[in-house]
Structures are given as C-alpha cells and as structure tokens.
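What follows is the content of upload28.pdb, which has PDB, C-alpha atoms:
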```pdb
ATOM      1  CA  MET A   1     -31.326  30.831  -7.336
ATOM      2  CA  LYS A   2     -28.837  28.020  -7.318
ATOM      3  CA  ILE A   3     -27.783  26.156  -4.184
ATOM      4  CA  PHE A   4     -24.452  24.393  -4.466
ATOM      5  CA  ILE A   5     -24.349  21.081  -2.649
ATOM      6  CA  PRO A   6     -20.994  19.955  -1.219
ATOM      7  CA  THR A   7     -19.604  16.550  -2.146
ATOM      8  CA  PRO A   8     -20.611  14.704   1.061
ATOM      9  CA  LEU A   9     -24.247  15.822   0.875
ATOM     10  CA  ARG A  10     -24.925  15.060  -2.775
ATOM     11  CA  GLN A  11     -25.977  11.515  -1.945
ATOM     12  CA  TYR A  12     -28.874  13.041   0.007
ATOM     13  CA  ALA A  13     -29.827  15.350  -2.866
ATOM     14  CA  ALA A  14     -30.356  12.721  -5.551
ATOM     15  CA  GLY A  15     -26.698  13.016  -6.529
ATOM     16  CA  LYS A  16     -27.065  16.632  -7.616
ATOM     17  CA  ASP A  17     -24.303  19.188  -7.181
ATOM     18  CA  THR A  18     -26.709  22.075  -7.779
ATOM     19  CA  VAL A  19     -30.344  22.519  -6.807
ATOM     20  CA  ASP A  20     -32.481  25.348  -8.189
ATOM     21  CA  VAL A  21     -34.976  26.984  -5.862
ATOM     22  CA  GLY A  22     -37.307  29.932  -6.223
ATOM     23  CA  ALA A  23     -37.408  31.225  -2.656
ATOM     24  CA  SER A  24     -37.045  34.920  -1.778
ATOM     25  CA  THR A  25     -34.892  34.587   1.355
ATOM     26  CA  VAL A  26     -31.955  32.451   2.484
ATOM     27  CA  ALA A  27     -34.114  30.638   5.031
ATOM     28  CA  GLY A  28     -36.769  30.058   2.399
ATOM     29  CA  ALA A  29     -34.175  28.641   0.034
ATOM     30  CA  LEU A  30     -32.889  26.193   2.628
ATOM     31  CA  ASP A  31     -36.446  25.226   3.502
ATOM     32  CA  GLU A  32     -37.280  24.600  -0.145
ATOM     33  CA  LEU A  33     -34.113  22.550  -0.493
ATOM     34  CA  THR A  34     -34.922  20.308   2.447
ATOM     35  CA  GLN A  35     -38.554  20.001   1.409
ATOM     36  CA  ALA A  36     -37.355  18.627  -1.914
ATOM     37  CA  HIS A  37     -34.634  16.498  -0.298
ATOM     38  CA  PRO A  38     -35.724  15.667   3.271
ATOM     39  CA  ASP A  39     -32.683  13.461   3.934
ATOM     40  CA  LEU A  40     -30.541  16.594   3.884
ATOM     41  CA  ARG A  41     -32.264  18.044   6.907
ATOM     42  CA  LYS A  42     -30.444  16.143   9.646
ATOM     43  CA  HIS A  43     -27.109  16.865   8.009
ATOM     44  CA  LEU A  44     -27.754  20.601   7.850
ATOM     45  CA  PHE A  45     -29.757  21.326  10.981
ATOM     46  CA  THR A  46     -29.679  20.434  14.669
ATOM     47  CA  GLY A  47     -32.730  18.958  16.368
ATOM     48  CA  GLU A  48     -33.656  22.526  17.330
ATOM     49  CA  GLY A  49     -33.678  23.553  13.699
ATOM     50  CA  LYS A  50     -30.469  25.616  13.768
ATOM     51  CA  VAL A  51     -27.790  25.199  11.121
ATOM     52  CA  ARG A  52     -25.150  22.837  12.511
ATOM     53  CA  ALA A  53     -22.081  24.598  13.872
ATOM     54  CA  PHE A  54     -19.725  23.053  11.321
ATOM     55  CA  VAL A  55     -21.953  23.880   8.361
ATOM     56  CA  ASN A  56     -21.227  27.210   6.690
ATOM     57  CA  VAL A  57     -23.803  28.822   4.438
ATOM     58  CA  TYR A  58     -22.541  31.466   2.049
ATOM     59  CA  LEU A  59     -24.686  33.815   0.001
ATOM     60  CA  ASN A  60     -22.356  34.459  -2.928
ATOM     61  CA  ASP A  61     -19.118  35.252  -1.014
ATOM     62  CA  GLU A  62     -20.742  36.336   2.251
ATOM     63  CA  ASP A  63     -21.183  34.234   5.378
ATOM     64  CA  VAL A  64     -24.910  34.317   6.128
ATOM     65  CA  ARG A  65     -24.206  34.393   9.882
ATOM     66  CA  TYR A  66     -22.610  37.827   9.470
ATOM     67  CA  LEU A  67     -25.204  39.389   7.204
ATOM     68  CA  PRO A  68     -27.324  42.047   8.986
ATOM     69  CA  GLU A  69     -30.508  40.105   8.399
ATOM     70  CA  LYS A  70     -28.843  36.683   8.574
ATOM     71  CA  ASP A  71     -31.058  33.996   7.028
ATOM     72  CA  ALA A  72     -33.875  36.495   6.513
ATOM     73  CA  THR A  73     -31.706  38.166   3.854
ATOM     74  CA  LYS A  74     -33.522  38.533   0.569
ATOM     75  CA  VAL A  75     -32.143  36.693  -2.449
ATOM     76  CA  SER A  76     -32.567  37.034  -6.177
ATOM     77  CA  ALA A  77     -32.502  34.537  -9.012
ATOM     78  CA  THR A  78     -28.882  35.374  -9.852
ATOM     79  CA  ASP A  79     -27.583  34.799  -6.308
ATOM     80  CA  THR A  80     -25.908  31.563  -5.303
ATOM     81  CA  LEU A  81     -25.963  29.792  -1.987
ATOM     82  CA  SER A  82     -23.035  27.539  -1.062
ATOM     83  CA  ILE A  83     -23.220  24.964   1.690
ATOM     84  CA  ILE A  84     -19.699  24.315   2.932
ATOM     85  CA  PRO A  85     -18.812  22.039   5.864
ATOM     86  CA  SER A  86     -15.802  23.365   7.745
ATOM     87  CA  ILE A  87     -12.260  22.088   7.338
ATOM     88  CA  ALA A  88      -9.822  22.093  10.225
ATOM     89  CA  GLY A  89      -7.583  19.817  12.256
ATOM     90  CA  GLY A  90      -3.996  19.441  13.216
ATOM     91  CA  ALA A  91      -1.373  17.250  14.770
ATOM     92  CA  CYS A  92      -2.089  17.988  18.381
ATOM     93  CA  ARG A  93      -5.080  18.290  20.638
ATOM     94  CA  LYS A  94      -4.093  21.326  22.642
ATOM     95  CA  ASP A  95      -7.218  21.715  24.728
ATOM     96  CA  ASN A  96      -6.502  18.705  26.910
ATOM     97  CA  GLY A  97      -2.749  18.714  26.507
ATOM     98  CA  VAL A  98      -2.628  15.227  25.019
ATOM     99  CA  PHE A  99      -0.366  14.761  22.042
ATOM    100  CA  CYS A 100      -1.931  12.419  19.537
ATOM    101  CA  THR A 101      -0.246   9.720  17.537
TER     102      THR A 101
ATOM    103  CA  MET B   1      -8.115   3.407  -2.543
ATOM    104  CA  LEU B   2      -7.050   6.918  -3.472
ATOM    105  CA  ARG B   3      -5.703   7.389  -6.958
ATOM    106  CA  MET B   4      -3.628  10.511  -7.276
ATOM    107  CA  ALA B   5      -1.744  12.057 -10.157
ATOM    108  CA  LYS B   6       1.983  11.992  -9.510
ATOM    109  CA  ALA B   7       2.237  15.770  -9.927
ATOM    110  CA  VAL B   8      -0.392  16.259  -7.223
ATOM    111  CA  TYR B   9       1.346  13.849  -4.857
ATOM    112  CA  GLU B  10       4.607  15.710  -5.292
ATOM    113  CA  ALA B  11       2.927  19.111  -4.977
ATOM    114  CA  ILE B  12       1.263  18.388  -1.649
ATOM    115  CA  ARG B  13       4.487  16.994  -0.216
ATOM    116  CA  SER B  14       6.421  20.039  -1.427
ATOM    117  CA  HIS B  15       3.783  22.297   0.102
ATOM    118  CA  GLY B  16       4.426  20.668   3.482
ATOM    119  CA  GLU B  17       8.121  21.368   3.135
ATOM    120  CA  GLU B  18       7.490  24.979   2.089
ATOM    121  CA  THR B  19       5.408  25.809   5.134
ATOM    122  CA  TYR B  20       7.495  23.849   7.665
ATOM    123  CA  PRO B  21       7.527  24.230  10.664
ATOM    124  CA  HIS B  22       3.911  25.229  10.134
ATOM    125  CA  GLU B  23       1.149  22.988   8.837
ATOM    126  CA  CYS B  24       0.147  23.363   5.214
ATOM    127  CA  CYS B  25      -3.342  22.641   3.930
ATOM    128  CA  GLY B  26      -5.299  22.501   0.742
ATOM    129  CA  ALA B  27      -8.013  20.782  -1.238
ATOM    130  CA  LEU B  28      -7.893  17.812  -3.577
ATOM    131  CA  LEU B  29      -9.981  17.978  -6.737
ATOM    132  CA  GLY B  30     -11.013  14.971  -8.736
ATOM    133  CA  ARG B  31     -13.691  12.531  -9.750
ATOM    134  CA  ALA B  32     -15.447   9.865  -7.744
ATOM    135  CA  GLY B  33     -14.554   6.355  -8.881
ATOM    136  CA  LYS B  34     -16.049   2.984  -8.052
ATOM    137  CA  ASP B  35     -13.509   2.314  -5.324
ATOM    138  CA  GLY B  36     -12.400   5.776  -4.281
ATOM    139  CA  TRP B  37     -11.450   9.195  -5.536
ATOM    140  CA  GLN B  38      -9.278   9.872  -8.528
ATOM    141  CA  ILE B  39      -7.463  13.097  -7.704
ATOM    142  CA  GLU B  40      -6.375  15.204 -10.646
ATOM    143  CA  ALA B  41      -5.490  18.531  -9.076
ATOM    144  CA  CYS B  42      -4.784  20.219  -5.777
ATOM    145  CA  VAL B  43      -5.383  23.754  -4.624
ATOM    146  CA  LYS B  44      -3.219  25.303  -1.928
ATOM    147  CA  ALA B  45      -5.094  27.059   0.833
ATOM    148  CA  GLY B  46      -3.997  29.453   3.502
ATOM    149  CA  ASN B  47      -3.826  28.220   7.082
ATOM    150  CA  THR B  48      -5.944  30.615   9.111
ATOM    151  CA  ARG B  49      -4.686  29.196  12.406
ATOM    152  CA  THR B  50      -1.817  31.648  12.628
ATOM    153  CA  ASP B  51      -2.085  31.468  16.413
ATOM    154  CA  SER B  52      -0.970  27.824  16.416
ATOM    155  CA  ALA B  53       0.095  27.023  12.865
ATOM    156  CA  HIS B  54       2.685  24.443  13.925
ATOM    157  CA  ASN B  55       0.006  22.022  15.087
ATOM    158  CA  ARG B  56      -3.338  23.275  13.806
ATOM    159  CA  TYR B  57      -4.822  24.124  10.461
ATOM    160  CA  GLN B  58      -8.036  25.622   9.245
ATOM    161  CA  ILE B  59      -9.189  26.683   5.806
ATOM    162  CA  ALA B  60     -11.372  29.776   5.718
ATOM    163  CA  PRO B  61     -14.877  28.838   4.530
ATOM    164  CA  VAL B  62     -14.878  31.629   1.957
ATOM    165  CA  GLU B  63     -11.737  30.110   0.463
ATOM    166  CA  LEU B  64     -13.549  26.768   0.300
ATOM    167  CA  VAL B  65     -16.420  28.446  -1.513
ATOM    168  CA  ARG B  66     -13.951  29.732  -4.101
ATOM    169  CA  ILE B  67     -12.166  26.385  -4.359
ATOM    170  CA  GLU B  68     -15.462  24.604  -4.939
ATOM    171  CA  ARG B  69     -16.363  27.152  -7.593
ATOM    172  CA  GLU B  70     -13.037  26.518  -9.318
ATOM    173  CA  ALA B  71     -13.594  22.759  -9.126
ATOM    174  CA  ARG B  72     -17.029  23.101 -10.680
ATOM    175  CA  GLN B  73     -15.656  25.218 -13.529
ATOM    176  CA  ARG B  74     -13.064  22.501 -14.196
ATOM    177  CA  GLY B  75     -15.678  19.741 -14.142
ATOM    178  CA  LEU B  76     -14.238  18.332 -10.933
ATOM    179  CA  SER B  77     -15.400  17.946  -7.331
ATOM    180  CA  ILE B  78     -13.700  18.426  -3.998
ATOM    181  CA  GLY B  79     -12.700  14.841  -3.214
ATOM    182  CA  GLY B  80     -10.632  15.518  -0.153
ATOM    183  CA  PHE B  81      -8.175  17.682   1.669
ATOM    184  CA  TYR B  82      -4.546  17.519   2.625
ATOM    185  CA  HIS B  83      -2.439  18.886   5.405
ATOM    186  CA  SER B  84       0.949  18.277   6.966
ATOM    187  CA  HIS B  85       2.105  17.204  10.408
ATOM    188  CA  PRO B  86       5.434  18.914  11.104
ATOM    189  CA  ASP B  87       7.639  16.558  13.143
ATOM    190  CA  HIS B  88       4.646  14.364  13.851
ATOM    191  CA  PRO B  89       3.494  11.045  12.315
ATOM    192  CA  ALA B  90       1.312  10.878   9.209
ATOM    193  CA  GLN B  91      -1.597   9.593  11.269
ATOM    194  CA  TRP B  92      -4.874  11.315  11.975
ATOM    195  CA  SER B  93      -5.184  12.958  15.347
ATOM    196  CA  GLN B  94      -8.207  13.348  17.575
ATOM    197  CA  THR B  95      -8.345  16.955  16.406
ATOM    198  CA  ASP B  96      -8.364  15.835  12.785
ATOM    199  CA  PHE B  97     -11.179  13.422  13.524
ATOM    200  CA  ALA B  98     -13.307  15.784  15.602
ATOM    201  CA  GLU B  99     -13.120  18.450  12.920
ATOM    202  CA  ALA B 100     -13.612  16.180   9.898
ATOM    203  CA  HIS B 101     -17.045  16.631   8.354
ATOM    204  CA  TRP B 102     -16.644  15.781   4.672
ATOM    205  CA  LEU B 103     -18.018  12.245   4.716
ATOM    206  CA  GLY B 104     -16.908  10.161   1.767
ATOM    207  CA  CYS B 105     -13.868  12.352   1.190
ATOM    208  CA  SER B 106     -10.176  11.587   1.644
ATOM    209  CA  TYR B 107      -7.983  13.284   4.215
ATOM    210  CA  VAL B 108      -4.328  13.087   3.231
ATOM    211  CA  ILE B 109      -1.617  13.737   5.817
ATOM    212  CA  THR B 110       2.098  14.152   5.168
ATOM    213  CA  ALA B 111       4.612  13.918   7.984
ATOM    214  CA  VAL B 112       7.346  16.510   7.552
ATOM    215  CA  GLU B 113      10.438  15.614   9.544
ATOM    216  CA  GLN B 114      12.961  18.393  10.065
ATOM    217  CA  GLY B 115      11.707  20.099   6.938
ATOM    218  CA  LYS B 116      11.667  17.041   4.662
ATOM    219  CA  ALA B 117       8.485  15.267   3.592
ATOM    220  CA  ALA B 118       8.384  11.731   4.970
ATOM    221  CA  ALA B 119       5.345   9.417   4.952
ATOM    222  CA  THR B 120       2.109  10.427   3.244
ATOM    223  CA  ASN B 121      -1.052   8.563   4.233
ATOM    224  CA  SER B 122      -4.698   8.853   3.281
ATOM    225  CA  PHE B 123      -7.754   8.261   5.415
ATOM    226  CA  LEU B 124     -11.265   8.045   4.036
ATOM    227  CA  LEU B 125     -13.894   9.648   6.245
ATOM    228  CA  ALA B 126     -16.403   6.799   6.183
ATOM    229  CA  GLY B 127     -19.860   6.502   7.734
ATOM    230  CA  THR B 128     -23.254   7.995   7.086
ATOM    231  CA  ALA B 129     -23.395  10.858   9.597
ATOM    232  CA  GLU B 130     -21.463  12.661  12.333
ATOM    233  CA  GLU B 131     -22.610  10.047  14.812
ATOM    234  CA  ASP B 132     -21.051   7.040  13.063
ATOM    235  CA  LYS B 133     -18.182   8.595  11.144
ATOM    236  CA  ARG B 134     -14.761   6.962  11.191
ATOM    237  CA  PHE B 135     -11.421   7.248   9.452
ATOM    238  CA  ASP B 136     -10.465   4.243   7.310
ATOM    239  CA  PHE B 137      -6.892   3.963   6.103
ATOM    240  CA  GLU B 138      -6.784   3.750   2.312
ATOM    241  CA  PRO B 139      -3.784   3.042   0.091
ATOM    242  CA  ILE B 140      -2.583   5.804  -2.212
ATOM    243  CA  VAL B 141      -1.971   4.728  -5.790
ATOM    244  CA  ILE B 142       0.190   7.154  -7.745
ATOM    245  CA  VAL B 143      -0.919   7.565 -11.336
ATOM    246  CA  GLU B 144       1.688   8.727 -13.860
TER     247      GLU B 144
END
```

Would you mind writing the file out in structure tokens?
Amino acid sequence: MKIFIPTPLRQYAAGKDTVDVGASTVAGALDELTQAHPDLRKHLFTGEGKVRAFVNVYLNDEDVRYLPEKDATKVSATDTLSIIPSIAGGACRKDNGVFCT
Amino acid sequence: MLRMAKAVYEAIRSHGEETYPHECCGALLGRAGKDGWQIEACVKAGNTRTDSAHNRYQIAPVELVRIEREARQRGLSIGGFYHSHPDHPAQWSQTDFAEAHWLGCSYVITAVEQGKAAATNSFLLAGTAEEDKRFDFEPIVIVE
C-alpha cells in the first residue's frame, strides 16, 4: 500500500511524498514506515508510542481512530494511508478570555 | 518569502469578505522554492467551527486528505494555509500558534475590517519540531 507523507514530514522521509509498504494492518504499515525512516517516529508518536493528538491517520477516506478495529484494521495493496497534521486556529483564545493581537 | 500568484492573493482576500463576519479558511498549493513557497493555487475549505466561526477555524481532516490528493494530481504540494481574522489584525494569535503543526509551511492571515479585506500577512512556521517551532514573518511577493 501507499502511505502519503505530508509536506512537513517529507524531510524525515528522504524527501519522499509517498512511501510503499507491504504490511497487512494500519499499525504494521506505520511501523514499517518508521523502521525505514526512523526520524519520522518522534513526529508521529508520543513517548508512549501513541499517535500524537494533532496527527490524523486516514485509511482511504476513513479516520483510523473511528474504525472498529482502529490501527489493527487490515489493509490491502490498493489501500492508501494519509498522514495529515491538523489545521485549526483563530483570532481569539477563548479558553482564557485573552484577546490576542 | 512567499511568492503567490495574483489570482490566488485576490481569491483568498475575497474569500475572507465572503464569509465575514465568520473566519474563512483554505489551503495553498504550490512548489517549494529555494527561499520559500511559490503558491500557484488555493482551495477553499469549510470552517467546521460553526460553534465559534467568528474567531475560530478548523479544517476537517478528511477535507485535508482530499485537498492533498488534489494537489498531488496537479503535481503540487500543500505549501500552506490561509484564514481570515474578522475585525482583528492580520497577526497570528496564540490559538493560531498552538494549533499550527505544518512545519515549513506558510500561514497566511487576512484582516477583514467591517467586511472589507485589509492587510494580508504571511508567517512561516519555522523550527524542527513542536518543541522549537516559531512563526517568522515573511514578505508576500505577488507574481503576475
């Protein structure tokens, strides 16, 4: 299967935008990816080995977190895995009431 | 330095006016240059923060997946993102910074004052990781 690497992480994957892996599950695919490109690991996973909160992993168009078997979901050669850091923000920090400039 | 096609520059500013008083958002597609991104196209995205759209924005990850797919098909990469600050300066906020994770990409902000686009600024998310990231102001060069 193909794993699509987002722009900011390509520098840690030898500049590649796509990495081919032969794993049979999502977790296996991510493991194979980080075995081949160890510098990716700290950008994708916390120290406890969990995918960082702001990193989204999509199997085709499905968020892996919401799949019944999550990262144990089986994959085939025609599937794609997208790694997508989240995008959000805004003019004001509401949680502490401070308006930013 | 962020080089941006004039049509893109005008499109992102118009988008901010269209969605006023809510924030607009979208992705910038282009090619990496020696001294910054060269943006050739933009893709409008929906703001999923309907609960607080006047001062927050968020792009659904599945929409990002589709935008990245479109970029790849066009031979381009996601080089940054844009959003608007309705009645607020075109400066990054603490929220923008905390939720910025695309290192090496440009974050473009347009101030929209009373419905009219005012200043547009770009900030490069520099650094090597979450721990040392920072926003660096970068000039926008409009390319005809």

Practice problem: Might you pull out every residue within 8 Å of Arg31 (chain B), with only C-alpha atoms counted and same-chain residues fewer than 6 positions away left off, and present them as a PyMOL selection string? | Solution: chain B and resi 37-40+76-77+79

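Counting only C-alpha atoms, the residue from B:Gly30, B:Glu17, B:Ala5, B:Asp96 that sits nearest to chain A is B:Asp96.
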
Quiz item: At most 12 Å from (-12.7, 32.0, -2.1), file frame, only C-alpha atoms: which residues, as a PyMOL selection string?
Solution: (chain A and resi 58+60-63+82+84) or (chain B and resi 43-46+59-71)

Exercise. Please evaluate the PyMOL selection byres ((chain B and resi 117-122) around 12) against the structure above and give the resulting residues as a PyMOL selection string.
Key: chain B and resi 1-4+9-21+23-24+28+36-37+79-92+105-116+123-125+135-142

Practice problem: Name the closest residue to Ile87 (chain A) among the candidates B:Ala126, B:Cys25, B:Cys42, B:Ala53; distances are taken between atoms, counting only C-alpha atoms. | Solution: B:Cys25

Select from chain B every residue with an atom at most 6 Å from any atom of chain A, then for each give the shortest pair of atoms and their distance in Å to one decimal, using all atoms listed in the file, rows by chain and rising number, as JSON lines.
```
{"residue": "B:Asn55", "atom": "CA", "partner": "A:Ala91", "partner_atom": "CA", "distance": 5.0}
{"residue": "B:Arg56", "atom": "CA", "partner": "A:Gly90", "partner_atom": "CA", "distance": 3.9}
{"residue": "B:Tyr57", "atom": "CA", "partner": "A:Ala88", "partner_atom": "CA", "distance": 5.4}
{"residue": "B:Gln58", "atom": "CA", "partner": "A:Ala88", "partner_atom": "CA", "distance": 4.1}
{"residue": "B:Ile59", "atom": "CA", "partner": "A:Ile87", "partner_atom": "CA", "distance": 5.7}
{"residue": "B:His85", "atom": "CA", "partner": "A:Ala91", "partner_atom": "CA", "distance": 5.6}
{"residue": "B:Ser93", "atom": "CA", "partner": "A:Cys100", "partner_atom": "CA", "distance": 5.3}
{"residue": "B:Thr95", "atom": "CA", "partner": "A:Gly89", "partner_atom": "CA", "distance": 5.1}
{"residue": "B:Asp96", "atom": "CA", "partner": "A:Gly89", "partner_atom": "CA", "distance": 4.1}
{"residue": "B:Glu99", "atom": "CA", "partner": "A:Ala88", "partner_atom": "CA", "distance": 5.6}
{"residue": "B:Trp102", "atom": "CA", "partner": "A:Pro8", "partner_atom": "CA", "distance": 5.5}
{"residue": "B:Leu103", "atom": "CA", "partner": "A:Pro8", "partner_atom": "CA", "distance": 5.1}
{"residue": "B:Gly104", "atom": "CA", "partner": "A:Pro8", "partner_atom": "CA", "distance": 5.9}
```

Self-check item: All residues 8 Å or closer to Val26 (chain A), only C-alpha atoms, same chain fewer than 6 positions away omitted, as a list of chain:residue names
Solution: A:Leu59, A:Asp71, A:Ala72, A:Thr73, A:Lys74, A:Val75, A:Leu81

Practice problem: Apply the PyMOL selection byres ((chain A and resi 34) around 12) to the structure shown and report the selected residues as a VMD selection string. | Solution: chain A and resid 3 5 9 12 to 14 19 21 27 to 33 35 to 45 49
